[in-house]
There are 2 protein chains.
Amino acid sequence: MNEFPIERAKQLKPKPDPKTLVFGHNFTDYMFLMNYDAGQGWHDGRIVPYGPLQLDPSTMVFHYAQEVFEGMKAYRRPDGGVQLFRPMDNVRRLNDSCERLCIPALPEDVALDAIKALVKVEEDWVPSEPGTSLYIRPFIIATDASLGVHASHSYLFCVICCPVGAYYKEGINPVRIYVENEDVRAVRGGTGYTKCGGNYAASIRAGERAEGQGYAQVLWLDGVERKYIEEVGSMNVMFKVDGKVITPKLTGSVLPGITRRSCLELMRHWGMDVEERLITAQELFDAAKAGKLEEAWGTGTAAVVSPVGEMGWNDEHAVINGGAIGALTQKLYDTLTGIQWGTLEDPYGWTVRV
Amino acid sequence: MNEFPIERAKQLKPKPDPKTLVFGHNFTDYMFLMNYDAGQGWHDGRIVPYGPLQLDPSTMVFHYAQEVFEGMKAYRRPDGGVQLFRPMDNVRRLNDSCERLCIPALPEDVALDAIKALVKVEEDWVPSEPGTSLYIRPFIIATDASLGVHASHSYLFCVICCPVGAYYKEGINPVRIYVENEDVRAVRGGTGYTKCGGNYAASIRAGERAEGQGYAQVLWLDGVERKYIEEVGSMNVMFKVDGKVITPKLTGSVLPGITRRSCLELMRHWGMDVEERLITAQELFDAAKAGKLEEAWGTGTAAVVSPVGEMGWNDEHAVINGGAIGALTQKLYDTLTGIQWGTLEDPYGWTVRV
Ligand SMILES: Cc1ncc(COP(=O)(O)O)c(C=O)c1O
Ligand SMILES: Cc1ncc(COP(=O)(O)O)c(C=O)c1O
């Protein structure tokens, strides 16, 4: 286990009320920092008091968005312990993002130990109310103070944490989603399979438009043919059609979600037939008309599983399972959250104690 | 004319030697800042000493790359005056970028006056050696300290400047460029027509790969069919084939360059036939084989006009005009630089005195 020096904060913050937490607003007392410099590699991993970064206005990240991030959670177990869920998958995906964005890879063990060490220091910040957790945001930014368009020679790896409230405060309510015909989030050959900032910047406008029309999320189509379903908002998406589960395959423009992978593994373990393939929006609306679109749900770290109750596309509307959560969606939710919070056994070795 | 308060620097920096300037490294004494806050709009435009920005690690720009920028220059005229080249075109393009990225538009007159006021304060920084200029980088970053994926409610507009040396120190040398088959920079429906950071982040890997193989720039193909030429590196691209000039049309994934527009207007003014249309890479290599690819050049603020001497694509190679700059390329370069530096008359009203 890699060890990191800790610079102690003079004063600790009061913990916010876990009942009124807004996602991504209340950060903990400490953060992890590590620098990269050409010739030196990643160096000086350290835990320091949470505080602002001082950056020259010419810093590359402000101009050319050479930046990648991850999102994961620490969960409070019934026995009081704290655990992570498949954290090495996040570290590996972060390095996959780095490769595409020309950012030097992190040593996997150092990155994992950094996350563990920070959560250990912030253990008291992991809330214990049902459904709450500590959200962990590792990210890397390019820090050269220079305007040339090329890979930066210096980077900052930073990990910050914030306690988050229960995603479903009033029970799991299925959401309405809208198929986006105009804006494209990602394209094969681009950066869709990575968690780089640019993907999210490109997705904001459609998200706001959908929200303005009363939809919770955008259902993204592929950038080439504009007919294949890719993701829903910032989640992967799955459908149960005529008894069979289908989900978009990883074509390069879809993020390989860790919740997606876990759902697929669970369902296959349960003996279900699950298909990863190209799925057109038309196929789904046809299935809905024929009464065969039985369930639909998004998967992601934030919501775990988010049932879809209705889909809109131009003038078409499809209500799914009468707008209620389906049995399979519920079973996936219960199983995954059970393993994540430690109320169910973890036969797959997915959880890592801190 | 909008007026802005100026906070004076305690000490001014020594001016660097204009002969050894590296692009984008030496910033001037001052910068322009203006904030946006929801409910308040853009406010508090001001000129302050150049210095670091202090930002919370959760600031949106680090995570979701909600950021846009512009690039333009101030030129020293033979009479000692300083002028800008079509600056309102940059302001309008910045606002087009804002619209796509869900950033509130800048009032055009405020943005233009901000740039003029900053250049006025930094007038002594505009170098006068042949080919040198003051590069101006206006940019906007999302500043909400929050991790939710949506449009930020606060932004910072910042303008910084750096003197830049002559692009062609040893005469105009044509460059070798390489057709990129794998990585995609932008796609119709995406953000290609904007100057948002994500486009540049997506382009870095291919640029480094091309450089590693001895090429100066990447020739980008469209993201949908992967056969149409889009841009070269961070420039627009033009070809003279069998006496006629062709350039990729603005399909949504190509940046509407101001140098591109100026070249097209010049050539049309000269009575030349210029076509904006889809151009396949195959068509260009076929033309080269038939001896009809007479000239090729990139256009952009940095180089003005950059002749292409050779194109590579898989195992094919096309040498253009014997690797030398063509007559039309030279004429465009001479005319544009003449107008920009004020050694030629400006019959088009493109220049704006500061
Ligand atoms: C675009 C996008 N798709 C899918 C996901 C789901 O990935 P994961 O299950 O690893 O959280 C995320 C992140 O949460 C995402 O940002
Ligand atoms: C991607 C890209 N294409 C083309 C250009 C050329 O635009 P302009 O002539 O306005 O400088 C630029 C900017 O220089 C650019 O970044």
# chains A, B, ... in the order shown; residues from 1 in each chain; ligands from 1
call {"tool": "closest_atom_pairs", "arguments": {"of": "stretch 186-261 of chain A", "to": "stretch 185-189 of chain B", "cutoff": "9 Å", "atoms": "only C-alpha atoms", "output": "JSON lines"}}
result
{"residue": "A:Ala186", "atom": "CA", "partner": "B:Val187", "partner_atom": "CA", "distance": 8.0}
{"residue": "A:Val187", "atom": "CA", "partner": "B:Val187", "partner_atom": "CA", "distance": 6.9}
{"residue": "A:Gly189", "atom": "CA", "partner": "B:Arg185", "partner_atom": "CA", "distance": 8.1}
{"residue": "A:Gly190", "atom": "CA", "partner": "B:Arg185", "partner_atom": "CA", "distance": 6.4}
{"residue": "A:Thr191", "atom": "CA", "partner": "B:Arg185", "partner_atom": "CA", "distance": 9.0}
{"residue": "A:Gly223", "atom": "CA", "partner": "B:Val187", "partner_atom": "CA", "distance": 7.0}
{"residue": "A:Val224", "atom": "CA", "partner": "B:Val187", "partner_atom": "CA", "distance": 8.2}
call {"tool": "write_last_selection", "arguments": {"atoms": "C-alpha atoms", "output": "tab-separated table (two decimals), in the first residue's frame"}}
result
chain	number	residue	atom	x	y	z
A	186	ALA	CA	-20.18	11.57	-29.24
A	187	VAL	CA	-19.13	9.73	-32.38
A	189	GLY	CA	-13.45	7.81	-33.48
A	190	GLY	CA	-14.15	10.62	-31.01
A	191	THR	CA	-14.05	10.60	-27.23
A	223	GLY	CA	-23.55	10.45	-34.42
A	224	VAL	CA	-23.14	8.58	-37.70
call {"tool": "interface_residues", "arguments": {"of": "chain A", "to": "chain B", "cutoff": "8 Å", "atoms": "only C-alpha atoms", "output": "NGL selection string"}}
result
:A and (23-25 or 51-58 or 61-69 or 100-102 or 139 or 141 or 145-151 or 158 or 160 or 182-191 or 196-202 or 204-205 or 207-208 or 223-225)
call {"tool": "residues_near_ligand", "arguments": {"ligand": "ligand 2", "cutoff": "8 Å", "atoms": "only C-alpha atoms and all ligand atoms", "output": "MDAnalysis selection string"}}
result
chainID B and resid 70:72 90 192 195 199:200 231:236 254:261 299:302 304
call {"tool": "residues_around", "arguments": {"residues": "B:Phe239", "least_positions_apart": "3", "cutoff": "9 Å", "atoms": "only C-alpha atoms", "output": "list in words"}}
result
Lys244, Val245, Ile246, Thr247, Leu284, Leu293, Glu294, Glu295, Ala296, Trp297 and Gly298 of chain B
call {"tool": "write_last_selection", "arguments": {"atoms": "N, CA, C and O atoms", "output": "CSV table (one decimal), in the first residue's frame"}}
result
chain,number,residue,atom,x,y,z
B,244,LYS,N,-9.0,25.7,-60.5
B,244,LYS,CA,-10.2,26.1,-59.7
B,244,LYS,C,-9.9,25.9,-58.2
B,244,LYS,O,-9.4,24.9,-57.8
B,245,VAL,N,-10.3,26.9,-57.4
B,245,VAL,CA,-10.1,26.7,-55.9
B,245,VAL,C,-11.3,26.1,-55.3
B,245,VAL,O,-12.5,26.4,-55.5
B,246,ILE,N,-11.1,25.1,-54.5
B,246,ILE,CA,-12.1,24.4,-53.7
B,246,ILE,C,-11.8,24.4,-52.2
B,246,ILE,O,-10.6,24.3,-51.9
B,247,THR,N,-12.8,24.4,-51.4
B,247,THR,CA,-12.6,24.3,-49.9
B,247,THR,C,-13.8,23.6,-49.3
B,247,THR,O,-14.9,23.8,-49.9
B,284,LEU,N,-8.7,14.3,-54.1
B,284,LEU,CA,-7.5,15.0,-54.0
B,284,LEU,C,-6.3,14.2,-54.5
B,284,LEU,O,-5.4,14.6,-55.2
B,293,LEU,N,-3.5,18.7,-59.1
B,293,LEU,CA,-3.5,19.3,-57.7
B,293,LEU,C,-2.4,20.3,-57.7
B,293,LEU,O,-1.2,20.0,-57.4
B,294,GLU,N,-2.8,21.6,-58.0
B,294,GLU,CA,-1.7,22.6,-58.2
B,294,GLU,C,-1.2,23.3,-56.9
B,294,GLU,O,-0.1,23.6,-56.8
B,295,GLU,N,-2.2,23.5,-56.0
B,295,GLU,CA,-1.8,24.2,-54.8
B,295,GLU,C,-2.7,23.7,-53.6
B,295,GLU,O,-3.8,23.2,-53.8
B,296,ALA,N,-2.1,23.7,-52.4
B,296,ALA,CA,-2.9,23.4,-51.2
B,296,ALA,C,-2.4,24.3,-50.1
B,296,ALA,O,-1.2,24.5,-50.0
B,297,TRP,N,-3.3,24.8,-49.3
B,297,TRP,CA,-2.8,25.6,-48.2
B,297,TRP,C,-3.8,25.6,-47.0
B,297,TRP,O,-5.0,25.5,-47.3
B,298,GLY,N,-3.3,25.8,-45.8
B,298,GLY,CA,-4.2,26.0,-44.7
B,298,GLY,C,-4.4,27.5,-44.4
B,298,GLY,O,-3.5,28.3,-44.8
call {"tool": "select_by_dssp", "arguments": {"residues": "stretch 69-315 of chain B", "states": "strand (DSSP E)", "output": "PyMOL selection string"}}
result
chain B and resi 69+72-76+82-85+133-142+154-164+175-179+217-221+229-232+236-241+244-248+274-277+293-300+304-313
call {"tool": "residues_around", "arguments": {"residues": "A:Gln83", "least_positions_apart": "2", "cutoff": "7 Å", "atoms": "only C-alpha atoms", "output": "list in words"}}
result
Ala74, Tyr75, Arg76, Gly81, Phe85, Thr351, Val352, Arg353 and Val354 of chain A
call {"tool": "calpha_fit_and_write", "arguments": {"fixed": "chain A", "moving": "chain B", "output": "short mmCIF file (atom, residue, chain, number, x, y, z; two decimals) with C-alpha atoms, in the first residue's frame"}}
result
data_model
loop_
_atom_site.label_atom_id
_atom_site.label_comp_id
_atom_site.auth_asym_id
_atom_site.auth_seq_id
_atom_site.Cartn_x
_atom_site.Cartn_y
_atom_site.Cartn_z
CA MET B 1 0.00 -0.01 0.00
CA ASN B 2 1.41 3.38 -1.02
CA GLU B 3 1.54 5.92 1.81
CA PHE B 4 1.01 9.65 1.37
CA PRO B 5 1.89 12.58 3.63
CA ILE B 6 -1.08 14.37 5.17
CA GLU B 7 -1.11 18.11 5.80
CA ARG B 8 -3.65 18.59 8.61
CA ALA B 9 -6.40 21.22 8.29
CA LYS B 10 -6.46 23.87 11.02
CA GLN B 11 -10.19 23.56 11.40
CA LEU B 12 -12.67 20.93 10.28
CA LYS B 13 -15.97 21.87 8.69
CA PRO B 14 -19.30 21.03 10.31
CA LYS B 15 -20.93 18.05 8.57
CA PRO B 16 -24.04 19.01 6.58
CA ASP B 17 -27.45 17.50 7.33
CA PRO B 18 -27.59 14.24 5.30
CA LYS B 19 -31.31 14.80 4.68
CA THR B 20 -30.89 18.04 2.73
CA LEU B 21 -27.74 17.33 0.76
CA VAL B 22 -27.63 18.57 -2.84
CA PHE B 23 -25.38 16.52 -5.15
CA GLY B 24 -21.88 17.88 -5.64
CA HIS B 25 -22.06 20.95 -3.42
CA ASN B 26 -20.53 20.14 -0.01
CA PHE B 27 -16.92 19.11 -0.14
CA THR B 28 -15.02 17.46 2.67
CA ASP B 29 -12.02 18.74 4.64
CA TYR B 30 -9.28 17.22 2.51
CA MET B 31 -8.31 16.49 -1.06
CA PHE B 32 -5.65 14.34 -2.68
CA LEU B 33 -3.17 15.99 -5.05
CA MET B 34 -0.40 14.54 -7.23
CA ASN B 35 1.62 16.26 -9.96
CA TYR B 36 3.00 15.09 -13.24
CA ASP B 37 5.96 16.72 -14.91
CA ALA B 38 7.63 15.56 -18.10
CA GLY B 39 10.85 13.75 -17.28
CA GLN B 40 9.73 13.21 -13.70
CA GLY B 41 6.49 11.29 -14.06
CA TRP B 42 3.74 11.36 -11.43
CA HIS B 43 5.16 12.59 -8.16
CA ASP B 44 4.39 14.07 -4.76
CA GLY B 45 1.10 12.37 -3.99
CA ARG B 46 -0.25 14.09 -0.88
CA ILE B 47 -3.37 14.76 1.15
CA VAL B 48 -3.93 18.45 1.88
CA PRO B 49 -6.76 20.63 3.20
CA TYR B 50 -9.51 21.12 0.61
CA GLY B 51 -8.98 24.49 -1.02
CA PRO B 52 -8.79 26.47 -4.24
CA LEU B 53 -6.37 25.77 -7.07
CA GLN B 54 -4.24 28.68 -8.27
CA LEU B 55 -3.80 28.53 -12.01
CA ASP B 56 -2.39 30.91 -14.58
CA PRO B 57 -5.13 32.11 -16.99
CA SER B 58 -3.18 30.52 -19.86
CA THR B 59 -3.39 27.07 -18.25
CA MET B 60 -4.20 24.52 -20.94
CA VAL B 61 -7.27 23.06 -19.25
CA PHE B 62 -9.10 26.40 -19.64
CA HIS B 63 -8.50 26.48 -23.38
CA TYR B 64 -8.16 22.96 -24.78
CA ALA B 65 -10.05 20.93 -22.18
CA GLN B 66 -7.34 18.33 -21.74
CA GLU B 67 -9.14 16.91 -18.71
CA VAL B 68 -10.61 13.56 -17.62
CA PHE B 69 -12.51 12.44 -14.55
CA GLU B 70 -14.14 9.56 -12.73
CA GLY B 71 -17.14 9.18 -10.45
CA MET B 72 -17.48 6.58 -7.69
CA LYS B 73 -18.82 6.22 -4.16
CA ALA B 74 -17.89 5.07 -0.68
CA TYR B 75 -20.73 3.33 1.17
CA ARG B 76 -21.39 2.95 4.91
CA ARG B 77 -22.00 -0.71 5.80
CA PRO B 78 -24.46 -1.83 8.52
CA ASP B 79 -21.44 -2.90 10.62
CA GLY B 80 -20.14 0.69 10.51
CA GLY B 81 -17.34 -0.08 8.05
CA VAL B 82 -16.84 1.78 4.77
CA GLN B 83 -16.45 0.16 1.35
CA LEU B 84 -15.88 1.02 -2.29
CA PHE B 85 -17.54 -0.66 -5.29
CA ARG B 86 -15.22 -2.01 -8.01
CA PRO B 87 -12.81 0.90 -7.56
CA MET B 88 -10.11 -0.62 -9.77
CA ASP B 89 -12.59 -0.45 -12.66
CA ASN B 90 -12.73 3.32 -12.20
CA VAL B 91 -8.95 3.56 -12.09
CA ARG B 92 -8.62 1.53 -15.30
CA ARG B 93 -11.30 3.58 -17.05
CA LEU B 94 -9.55 6.77 -15.97
CA ASN B 95 -6.39 5.49 -17.64
CA ASP B 96 -8.36 4.59 -20.79
CA SER B 97 -9.60 8.18 -20.83
CA CYS B 98 -6.03 9.38 -20.34
CA GLU B 99 -4.81 7.36 -23.32
CA ARG B 100 -7.36 8.99 -25.67
CA LEU B 101 -6.68 12.47 -24.31
CA CYS B 102 -2.88 12.07 -24.48
CA ILE B 103 -2.52 12.32 -20.69
CA PRO B 104 0.15 10.12 -19.09
CA ALA B 105 -1.38 7.09 -17.34
CA LEU B 106 -1.49 6.92 -13.55
CA PRO B 107 0.19 3.94 -11.88
CA GLU B 108 -2.95 1.90 -11.05
CA ASP B 109 -1.90 0.96 -7.54
CA VAL B 110 -0.98 4.55 -6.66
CA ALA B 111 -4.31 5.86 -7.91
CA LEU B 112 -6.29 3.22 -6.03
CA ASP B 113 -4.31 3.75 -2.84
CA ALA B 114 -4.77 7.50 -3.16
CA ILE B 115 -8.54 7.08 -3.26
CA LYS B 116 -8.49 4.66 -0.34
CA ALA B 117 -6.20 6.88 1.72
CA LEU B 118 -8.38 9.94 1.18
CA VAL B 119 -11.58 8.07 2.07
CA LYS B 120 -9.83 6.70 5.16
CA VAL B 121 -8.96 10.24 6.29
CA GLU B 122 -12.51 11.38 5.55
CA GLU B 123 -14.22 8.33 7.05
CA ASP B 124 -16.43 10.47 9.30
CA TRP B 125 -17.83 12.16 6.21
CA VAL B 126 -19.38 8.93 4.89
CA PRO B 127 -23.02 9.35 5.92
CA SER B 128 -25.09 6.47 7.25
CA GLU B 129 -28.69 7.49 6.51
CA PRO B 130 -30.34 5.04 4.08
CA GLY B 131 -29.31 5.66 0.48
CA THR B 132 -26.61 8.20 1.30
CA SER B 133 -22.95 7.84 0.38
CA LEU B 134 -19.71 9.72 -0.11
CA TYR B 135 -19.26 10.65 -3.76
CA ILE B 136 -15.63 10.55 -4.91
CA ARG B 137 -14.44 12.60 -7.88
CA PRO B 138 -10.93 11.82 -9.14
CA PHE B 139 -9.88 14.09 -12.03
CA ILE B 140 -6.84 15.15 -14.01
CA ILE B 141 -6.26 18.55 -15.60
CA ALA B 142 -3.52 19.77 -17.97
CA THR B 143 -1.55 22.50 -16.22
CA ASP B 144 0.99 23.88 -18.72
CA ALA B 145 0.72 27.67 -18.77
CA SER B 146 0.96 27.92 -22.53
CA LEU B 147 -1.38 28.30 -25.51
CA GLY B 148 0.18 25.89 -28.03
CA VAL B 149 -2.24 23.12 -29.09
CA HIS B 150 -0.40 19.94 -28.08
CA ALA B 151 -0.30 17.60 -25.11
CA SER B 152 0.56 19.38 -21.89
CA HIS B 153 3.87 18.55 -20.22
CA SER B 154 2.45 18.90 -16.72
CA TYR B 155 -0.75 17.69 -15.06
CA LEU B 156 -2.54 17.70 -11.74
CA PHE B 157 -4.36 14.62 -10.42
CA CYS B 158 -6.87 15.64 -7.80
CA VAL B 159 -9.44 13.68 -5.78
CA ILE B 160 -12.26 15.46 -3.99
CA CYS B 161 -15.24 14.04 -2.07
CA CYS B 162 -18.71 15.17 -1.11
CA PRO B 163 -21.41 13.43 0.88
CA VAL B 164 -24.55 12.88 -1.19
CA GLY B 165 -28.12 12.31 -0.12
CA ALA B 166 -30.37 9.47 -1.18
CA TYR B 167 -31.02 9.63 -4.94
CA TYR B 168 -34.60 8.49 -4.45
CA LYS B 169 -35.99 10.38 -1.50
CA GLU B 170 -39.63 9.49 -2.15
CA GLY B 171 -39.28 6.00 -3.58
CA ILE B 172 -38.07 5.20 -7.08
CA ASN B 173 -39.99 7.32 -9.53
CA PRO B 174 -39.64 6.42 -13.22
CA VAL B 175 -38.56 9.31 -15.42
CA ARG B 176 -39.60 10.64 -18.83
CA ILE B 177 -36.84 10.74 -21.45
CA TYR B 178 -36.64 12.33 -24.89
CA VAL B 179 -34.87 11.12 -28.05
CA GLU B 180 -32.54 13.91 -29.22
CA ASN B 181 -32.48 14.33 -33.00
CA GLU B 182 -30.28 17.39 -33.34
CA ASP B 183 -27.31 17.52 -30.98
CA VAL B 184 -24.79 14.70 -30.91
CA ARG B 185 -22.87 13.79 -27.75
CA ALA B 186 -20.18 11.58 -29.23
CA VAL B 187 -19.13 9.76 -32.37
CA ARG B 188 -17.09 6.66 -33.19
CA GLY B 189 -13.45 7.81 -33.47
CA GLY B 190 -14.15 10.61 -31.02
CA THR B 191 -14.06 10.60 -27.22
CA GLY B 192 -17.45 9.08 -26.31
CA TYR B 193 -15.97 6.06 -24.53
CA THR B 194 -13.98 8.30 -22.20
CA LYS B 195 -14.97 10.51 -19.31
CA CYS B 196 -13.44 13.68 -20.74
CA GLY B 197 -14.96 17.08 -20.10
CA GLY B 198 -15.72 17.78 -23.76
CA ASN B 199 -18.38 15.05 -23.93
CA TYR B 200 -20.31 16.67 -21.13
CA ALA B 201 -19.93 20.19 -22.51
CA ALA B 202 -21.40 18.94 -25.81
CA SER B 203 -24.36 17.38 -24.00
CA ILE B 204 -25.53 20.32 -21.90
CA ARG B 205 -27.68 22.10 -24.50
CA ALA B 206 -29.81 19.08 -25.33
CA GLY B 207 -30.18 18.30 -21.64
CA GLU B 208 -31.48 21.80 -20.92
CA ARG B 209 -33.84 21.63 -23.90
CA ALA B 210 -35.28 18.31 -22.76
CA GLU B 211 -35.70 19.64 -19.23
CA GLY B 212 -37.51 22.68 -20.57
CA GLN B 213 -40.00 20.29 -22.17
CA GLY B 214 -40.58 18.35 -18.98
CA TYR B 215 -38.21 15.46 -19.65
CA ALA B 216 -35.63 14.29 -17.12
CA GLN B 217 -33.02 13.03 -19.57
CA VAL B 218 -31.97 12.93 -23.19
CA LEU B 219 -31.87 9.62 -25.05
CA TRP B 220 -28.82 10.00 -27.29
CA LEU B 221 -28.63 8.70 -30.84
CA ASP B 222 -25.37 7.71 -32.53
CA GLY B 223 -23.55 10.46 -34.42
CA VAL B 224 -23.14 8.59 -37.69
CA GLU B 225 -26.57 7.27 -38.65
CA ARG B 226 -28.61 9.10 -36.02
CA LYS B 227 -30.78 6.10 -35.44
CA TYR B 228 -29.09 3.87 -32.89
CA ILE B 229 -29.71 4.44 -29.18
CA GLU B 230 -26.52 5.12 -27.22
CA GLU B 231 -27.08 6.37 -23.68
CA VAL B 232 -29.62 8.20 -21.55
CA GLY B 233 -28.31 11.47 -20.09
CA SER B 234 -25.17 10.46 -18.22
CA MET B 235 -26.25 6.84 -17.85
CA ASN B 236 -26.12 3.68 -19.90
CA VAL B 237 -29.49 2.32 -20.91
CA MET B 238 -31.13 -1.11 -20.98
CA PHE B 239 -34.45 -2.40 -22.26
CA LYS B 240 -36.50 -5.52 -21.66
CA VAL B 241 -38.30 -6.36 -24.88
CA ASP B 242 -40.48 -9.43 -25.16
CA GLY B 243 -38.75 -11.11 -22.23
CA LYS B 244 -35.20 -10.40 -23.41
CA VAL B 245 -32.81 -7.72 -22.16
CA ILE B 246 -30.97 -5.62 -24.74
CA THR B 247 -28.46 -2.82 -24.32
CA PRO B 248 -26.40 -0.79 -26.80
CA LYS B 249 -23.06 -2.40 -27.47
CA LEU B 250 -19.84 -0.52 -26.76
CA THR B 251 -19.09 0.92 -30.18
CA GLY B 252 -16.60 3.57 -29.07
CA SER B 253 -19.12 6.36 -28.58
CA VAL B 254 -20.75 4.78 -25.50
CA LEU B 255 -19.20 5.00 -22.04
CA PRO B 256 -18.41 1.54 -20.64
CA GLY B 257 -20.31 2.06 -17.40
CA ILE B 258 -19.36 0.06 -14.34
CA THR B 259 -23.01 -0.17 -13.28
CA ARG B 260 -23.82 -1.39 -16.81
CA ARG B 261 -21.17 -4.09 -16.57
CA SER B 262 -22.40 -5.07 -13.11
CA CYS B 263 -26.02 -5.33 -14.30
CA LEU B 264 -25.00 -7.47 -17.27
CA GLU B 265 -22.95 -9.76 -15.05
CA LEU B 266 -25.77 -10.08 -12.53
CA MET B 267 -28.36 -10.93 -15.17
CA ARG B 268 -26.08 -13.47 -16.83
CA HIS B 269 -25.40 -14.95 -13.42
CA TRP B 270 -29.16 -15.24 -12.98
CA GLY B 271 -29.26 -17.27 -16.19
CA MET B 272 -30.86 -14.52 -18.25
CA ASP B 273 -30.23 -13.98 -21.92
CA VAL B 274 -28.74 -10.49 -22.41
CA GLU B 275 -27.80 -8.99 -25.74
CA GLU B 276 -25.33 -6.17 -26.38
CA ARG B 277 -26.06 -4.95 -29.88
CA LEU B 278 -27.12 -2.01 -32.04
CA ILE B 279 -30.66 -0.90 -31.17
CA THR B 280 -32.59 1.62 -33.24
CA ALA B 281 -34.99 4.08 -31.67
CA GLN B 282 -37.54 2.86 -34.23
CA GLU B 283 -37.25 -0.71 -32.94
CA LEU B 284 -38.08 0.46 -29.43
CA PHE B 285 -41.09 2.52 -30.44
CA ASP B 286 -42.31 -0.36 -32.60
CA ALA B 287 -41.92 -2.74 -29.65
CA ALA B 288 -43.82 -0.31 -27.45
CA LYS B 289 -46.66 -0.17 -29.98
CA ALA B 290 -46.78 -3.95 -30.10
CA GLY B 291 -46.95 -4.03 -26.31
CA LYS B 292 -43.56 -5.71 -26.06
CA LEU B 293 -41.43 -2.97 -24.48
CA GLU B 294 -41.70 -4.27 -20.94
CA GLU B 295 -39.05 -2.32 -19.05
CA ALA B 296 -36.44 0.38 -19.63
CA TRP B 297 -33.86 1.74 -17.22
CA GLY B 298 -30.68 3.77 -17.04
CA THR B 299 -27.62 2.61 -15.12
CA GLY B 300 -24.98 4.77 -13.45
CA THR B 301 -23.15 5.38 -10.22
CA ALA B 302 -25.39 8.28 -9.18
CA ALA B 303 -28.82 6.62 -9.44
CA VAL B 304 -27.61 3.00 -9.60
CA VAL B 305 -30.69 2.05 -11.64
CA SER B 306 -33.17 4.62 -12.92
CA PRO B 307 -36.44 3.28 -14.36
CA VAL B 308 -37.82 4.94 -17.48
CA GLY B 309 -41.58 5.38 -17.48
CA GLU B 310 -42.05 7.18 -20.78
CA MET B 311 -40.11 7.92 -23.95
CA GLY B 312 -40.80 10.80 -26.35
CA TRP B 313 -39.52 11.08 -29.93
CA ASN B 314 -40.85 13.77 -32.24
CA ASP B 315 -44.62 13.30 -31.86
CA GLU B 316 -44.43 9.71 -30.66
CA HIS B 317 -44.81 8.71 -27.05
CA ALA B 318 -44.29 5.33 -25.47
CA VAL B 319 -45.40 4.62 -21.90
CA ILE B 320 -43.48 1.74 -20.37
CA ASN B 321 -44.97 -0.68 -17.85
CA GLY B 322 -47.79 1.78 -17.18
CA GLY B 323 -45.20 4.30 -15.99
CA ALA B 324 -44.22 2.11 -13.04
CA ILE B 325 -40.90 0.47 -12.21
CA GLY B 326 -40.62 -3.08 -13.60
CA ALA B 327 -39.82 -6.22 -11.64
CA LEU B 328 -36.39 -6.75 -13.23
CA THR B 329 -35.42 -3.10 -12.77
CA GLN B 330 -36.39 -3.37 -9.11
CA LYS B 331 -34.47 -6.64 -8.68
CA LEU B 332 -31.31 -5.11 -10.20
CA TYR B 333 -31.68 -2.06 -7.99
CA ASP B 334 -32.18 -4.11 -4.84
CA THR B 335 -29.30 -6.45 -5.59
CA LEU B 336 -26.78 -3.79 -6.56
CA THR B 337 -27.62 -1.41 -3.73
CA GLY B 338 -27.61 -4.38 -1.33
CA ILE B 339 -24.08 -5.29 -2.37
CA GLN B 340 -22.90 -1.68 -2.43
CA TRP B 341 -24.18 -0.81 1.05
CA GLY B 342 -23.21 -4.23 2.42
CA THR B 343 -26.73 -5.40 3.35
CA LEU B 344 -26.39 -8.29 0.89
CA GLU B 345 -23.49 -10.65 0.55
CA ASP B 346 -21.00 -9.89 -2.23
CA PRO B 347 -20.31 -13.21 -3.95
CA TYR B 348 -18.50 -11.44 -6.82
CA GLY B 349 -15.71 -9.75 -4.89
CA TRP B 350 -16.88 -6.34 -6.09
CA THR B 351 -16.53 -4.47 -2.82
CA VAL B 352 -13.29 -3.25 -1.29
CA ARG B 353 -13.12 -2.30 2.41
CA VAL B 354 -11.35 0.92 3.30
#
call {"tool": "select_by_dssp", "arguments": {"residues": "stretch 183-333 of chain B", "states": "helix (DSSP H, G or I)", "output": "NGL selection string"}}
result
:B and (197-212 or 258-269 or 281-289 or 321-323 or 327-333)
